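Working notes, beginning with the structure itself.
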Amino acid sequence: QAPGSLRELAPFPVGAAVSVSLLQNNAAYRQVMTTEYSSITAENAMKFGALHPGATTYNWTDADYLVSFARQHNLRVHGHTLLWYNSLPGWVTNFQGDSAAWENLMRTHIQTVVTHFKGQVQGWDVVNEAIDDAGNLRSANLWRQHLGDRYIDRAFQYAHAADPAALLFYNDYGHEYSDARRNGILKLVNDLKARGIPIDGIGLQLHTSSNISDARIASAISAAAATGLRVHVAELDISMNPGRSAGATFTPALAAAQKVKYKALVQTYKALPPAQRYGLTTWNVADADTWKRADCACPEWPLPFDDSYARKPAYDGIVEGLQ
Ligand code: G3I
């Protein structure tokens with residue numbers, strides 16, 4: 001543990017989502033993970049298609065590597081994600097069956113995965129991104145199409161039955177930029193809680209940007225905390241090129257503005273009641289590895305470490321927010 005590392009300074013877990021191949025092949029990446037962070041999430045390796053590529057085939061190799069790396073380096077593991085409409089394998093998108101067969105498919109996946117990692121994954125994103133931009137349940141979602149609105153209840157119940165000690169989260173995006181999304185998400189989560197469905201927390205992805213004010217980010221975090229559930233800042237990154245300009249450069253002024261945004265966000269999160277602070281996770285480690293560069297043919301620098309894994313001003317902003 002480096003003196004002044006995030007894990008040493010933070011009174012709650014600070015994590016990053018990782019690519020397993022970078023963890024295996026990039027020494028600088030591994031070094032940052034083990035010295036700076038206290039929590040780890042698989043960016044892709046625990047998704048449905050990664051773990052369960054065929055109807056009767058499971059592939060645990062990468063996810064098990066991540067879990068044993070975490071054990072070796074004293075990192076808490078957060079599981080992402082049991083049920084999402086996206087990143088499903090072909091055998092699921094092409095699956096033919098009645099609602100009982102779909103129920104069996106969903107239940108088997110959740111039970112098998114949660115049981116495999118029982119005692120090693122502290123919390124799970126049970127359901128990911130079930131709400132649409134209008135704040136309603138997303139209709140382009142195979143699970144809802146075949147199982148009805150209450151598939152969400154049962155997903156949480158199956159996960160809880162498989163590992164009663166695991167903390168169970170609903171994870172979604174847009175809390176900070178869309179009132180419709182925020183209200184829809186909070187309505188869903190409050191309804192689950194009121195009906196006794198075993199939900200422990202809410203994940204705010206916070207793929208955010210310089211366009212979104214610090215006040216809006218703060219109100220998103222406090223509205224989530226008002227549910228009384230644990231709050232996970234689950235997929236944090238702050239785009240400084242929201243206009244997706246192909247010719248943009250990362251000027252010192254942008255770096256300084258990003259520092260201020262990271263600091264404000266961390267200060268807000270740190271002010272939550274300690275029992276509600278499940279942790280803060282960035283979506284990958286360094287700018288070189290961000291999904292945003294794959295998503296757009298434009299330059300992006302959304303993370304606290306630069307392309308050479310050196311600390312950026314954004315990193316100093318997190319540190320100042322923690323102090
Ligand atoms: O593994 C294959 C590789 O074999 C192949 O050569 C390559 C060619 O395209 O694709 C690789 O898979 C890609 C995978 O990332 C690993 O790089 C998928 O096509 C690509 O769709 C996948 O994207 C991920 C995306 O979720 C979809 O699962 C991103 O890395 C990941 O950052 C992103 O994460 C999501 C969260 O799970 C949920 N919230 C939003 C967030 C950002 O979209």
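We name chains A, B, ... following the order of the structure tokens; residues begin at 1 in each chain, and ligands are numbered from 1 as shown.
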Notebook entry, point to check: Can you list, as a VMD selection string, every protein, DNA or RNA residue that comes within 7 Å of stretch 48-51 of chain A when you count only C-alpha atoms, leaving out same-chain residues fewer than 3 positions away?
Noted result: chain A and resid 45 58 to 60 82 87 to 89
Next item on the list: Please give me, as a count of residues only, the residues lying within 8 Å of ligand 1 when counting only C-alpha atoms and all ligand atoms.
Entry: 20
Notebook entry, point to check: as JSON, numbers by chain, which residues of stretch 109-287 of chain A does DSSP assign to alpha helix (DSSP H)?
Noted result: {"A": [109, 110, 111, 112, 113, 114, 115, 116, 142, 143, 144, 145, 146, 147, 151, 152, 153, 154, 155, 156, 157, 158, 159, 160, 161, 162, 179, 180, 181, 182, 183, 184, 185, 186, 187, 188, 189, 190, 191, 192, 193, 194, 214, 215, 216, 217, 218, 219, 220, 221, 222, 223, 224, 225, 252, 253, 254, 255, 256, 257, 258, 259, 260, 261, 262, 263, 264, 265, 266, 267, 268, 269, 270]}
Taking C-alpha atoms for each residue, export the selection above as an mmCIF file, in the first residue's frame.
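Result went into again.cif, see below:
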```cif
data_model
loop_
_atom_site.group_PDB
_atom_site.id
_atom_site.type_symbol
_atom_site.label_atom_id
_atom_site.label_comp_id
_atom_site.auth_asym_id
_atom_site.auth_seq_id
_atom_site.Cartn_x
_atom_site.Cartn_y
_atom_site.Cartn_z
ATOM 1 C CA HIS A 109 -28.068 -18.727 -14.474
ATOM 2 C CA ILE A 110 -28.471 -16.670 -11.315
ATOM 3 C CA GLN A 111 -28.257 -19.659 -8.963
ATOM 4 C CA THR A 112 -25.230 -21.133 -10.710
ATOM 5 C CA VAL A 113 -23.272 -17.887 -10.869
ATOM 6 C CA VAL A 114 -24.075 -16.646 -7.362
ATOM 7 C CA THR A 115 -23.361 -20.083 -5.899
ATOM 8 C CA HIS A 116 -20.040 -20.325 -7.766
ATOM 9 C CA LEU A 142 -35.843 -10.107 -23.454
ATOM 10 C CA TRP A 143 -36.329 -10.826 -19.762
ATOM 11 C CA ARG A 144 -39.312 -8.527 -19.450
ATOM 12 C CA GLN A 145 -40.743 -9.666 -22.792
ATOM 13 C CA HIS A 146 -40.759 -13.323 -21.746
ATOM 14 C CA LEU A 147 -41.243 -13.055 -17.989
ATOM 15 C CA TYR A 151 -38.845 -10.777 -13.378
ATOM 16 C CA ILE A 152 -36.942 -8.193 -11.356
ATOM 17 C CA ASP A 153 -38.458 -9.394 -8.073
ATOM 18 C CA ARG A 154 -37.583 -12.975 -8.809
ATOM 19 C CA ALA A 155 -34.042 -12.178 -9.925
ATOM 20 C CA PHE A 156 -33.370 -10.622 -6.509
ATOM 21 C CA GLN A 157 -35.081 -13.529 -4.727
ATOM 22 C CA TYR A 158 -33.040 -16.166 -6.593
ATOM 23 C CA ALA A 159 -29.808 -14.295 -5.897
ATOM 24 C CA HIS A 160 -30.664 -13.933 -2.219
ATOM 25 C CA ALA A 161 -31.517 -17.630 -1.900
ATOM 26 C CA ALA A 162 -28.176 -18.598 -3.463
ATOM 27 C CA ASP A 179 -35.276 13.583 -14.002
ATOM 28 C CA ALA A 180 -37.445 11.055 -15.856
ATOM 29 C CA ARG A 181 -34.783 8.360 -15.562
ATOM 30 C CA ARG A 182 -34.012 9.225 -11.941
ATOM 31 C CA ASN A 183 -37.660 9.187 -10.900
ATOM 32 C CA GLY A 184 -38.331 5.920 -12.730
ATOM 33 C CA ILE A 185 -35.318 4.239 -11.129
ATOM 34 C CA LEU A 186 -36.152 5.464 -7.617
ATOM 35 C CA LYS A 187 -39.800 4.434 -8.020
ATOM 36 C CA LEU A 188 -38.716 0.929 -9.022
ATOM 37 C CA VAL A 189 -36.236 0.630 -6.167
ATOM 38 C CA ASN A 190 -38.617 2.034 -3.535
ATOM 39 C CA ASP A 191 -41.329 -0.335 -4.735
ATOM 40 C CA LEU A 192 -39.007 -3.348 -4.455
ATOM 41 C CA LYS A 193 -38.050 -2.288 -0.960
ATOM 42 C CA ALA A 194 -41.666 -1.648 0.118
ATOM 43 C CA ASP A 214 -21.779 19.408 -9.720
ATOM 44 C CA ALA A 215 -25.134 20.324 -8.164
ATOM 45 C CA ARG A 216 -26.982 17.840 -10.374
ATOM 46 C CA ILE A 217 -24.506 15.097 -9.521
ATOM 47 C CA ALA A 218 -24.882 15.919 -5.819
ATOM 48 C CA SER A 219 -28.662 15.819 -6.004
ATOM 49 C CA ALA A 220 -28.538 12.462 -7.815
ATOM 50 C CA ILE A 221 -26.404 11.013 -5.015
ATOM 51 C CA SER A 222 -28.577 12.417 -2.244
ATOM 52 C CA ALA A 223 -31.820 11.292 -3.915
ATOM 53 C CA ALA A 224 -30.420 7.748 -4.097
ATOM 54 C CA ALA A 225 -29.367 7.943 -0.443
ATOM 55 C CA PRO A 252 -4.209 21.881 -18.600
ATOM 56 C CA ALA A 253 -7.459 23.861 -18.252
ATOM 57 C CA LEU A 254 -9.529 20.724 -18.964
ATOM 58 C CA ALA A 255 -7.411 18.706 -16.553
ATOM 59 C CA ALA A 256 -7.980 21.337 -13.861
ATOM 60 C CA ALA A 257 -11.739 21.414 -14.509
ATOM 61 C CA GLN A 258 -11.878 17.629 -14.283
ATOM 62 C CA LYS A 259 -10.045 17.738 -10.966
ATOM 63 C CA VAL A 260 -12.685 20.092 -9.545
ATOM 64 C CA LYS A 261 -15.496 17.782 -10.711
ATOM 65 C CA TYR A 262 -13.938 14.661 -9.212
ATOM 66 C CA LYS A 263 -13.333 16.520 -5.954
ATOM 67 C CA ALA A 264 -16.915 17.783 -5.681
ATOM 68 C CA LEU A 265 -18.349 14.339 -6.395
ATOM 69 C CA VAL A 266 -16.130 12.622 -3.844
ATOM 70 C CA GLN A 267 -16.946 15.256 -1.204
ATOM 71 C CA THR A 268 -20.661 14.653 -1.750
ATOM 72 C CA TYR A 269 -20.235 10.894 -1.529
ATOM 73 C CA LYS A 270 -18.064 11.114 1.581
#
```
For the interface of stretch 32-112 of chain A with stretch 2-16 of chain A (cut-off 6 Å, counting only C-alpha atoms), please tabulate each contacting residue of stretch 32-112 of chain A alongside its nearest pair of atoms and their separation in Å to one decimal, rows sorted by chain and increasing number, as CSV.
```
residue,atom,partner,partner_atom,distance
A:Thr35,CA,A:Ala2,CA,5.7
A:Glu36,CA,A:Ser5,CA,4.9
A:Tyr37,CA,A:Arg7,CA,5.1
A:Ser38,CA,A:Arg7,CA,5.4
A:Ser39,CA,A:Gly15,CA,4.1
A:Ile40,CA,A:Gly15,CA,5.1
```
Keeping N, CA and C atoms, export the residues of the selection given above as a tab-separated table (two decimals), in the first residue's frame.
```tsv
chain	number	residue	atom	x	y	z
A	35	THR	N	-2.00	-1.15	-5.54
A	35	THR	CA	-1.55	-0.14	-4.57
A	35	THR	C	-2.64	0.89	-4.28
A	36	GLU	N	-3.45	1.23	-5.26
A	36	GLU	CA	-4.39	2.33	-5.08
A	36	GLU	C	-5.78	1.91	-4.61
A	37	TYR	N	-6.22	0.71	-5.01
A	37	TYR	CA	-7.64	0.38	-4.86
A	37	TYR	C	-7.90	-0.66	-3.78
A	38	SER	N	-9.13	-0.67	-3.28
A	38	SER	CA	-9.53	-1.68	-2.29
A	38	SER	C	-10.73	-2.50	-2.77
A	39	SER	N	-11.19	-2.25	-3.99
A	39	SER	CA	-12.33	-3.00	-4.52
A	39	SER	C	-12.11	-3.20	-6.01
A	40	ILE	N	-12.70	-4.25	-6.55
A	40	ILE	CA	-12.50	-4.57	-7.97
A	40	ILE	C	-13.80	-5.10	-8.55
```
Checklist line | A:Ala275 environment, 10 Å, only C-alpha atoms, sequence neighbours closer than 3 positions dropped, as a ChimeraX atom specification | finding: /A:12,228-231,272,278
Notebook entry, point to check: What is the atom CA of A:Gly317 to atom CA of A:Val18 distance in Å?
Noted result: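 Straight-line distance from atom CA of A:Gly317 to atom CA of A:Val18 works out to 21.5 Å.
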Note to self: I need the strand (DSSP E or B) residues of stretch 248-311 of chain A per DSSP on the backbone, written as a ChimeraX atom specification.
What the structure shows: /A:277-282,286,305,311
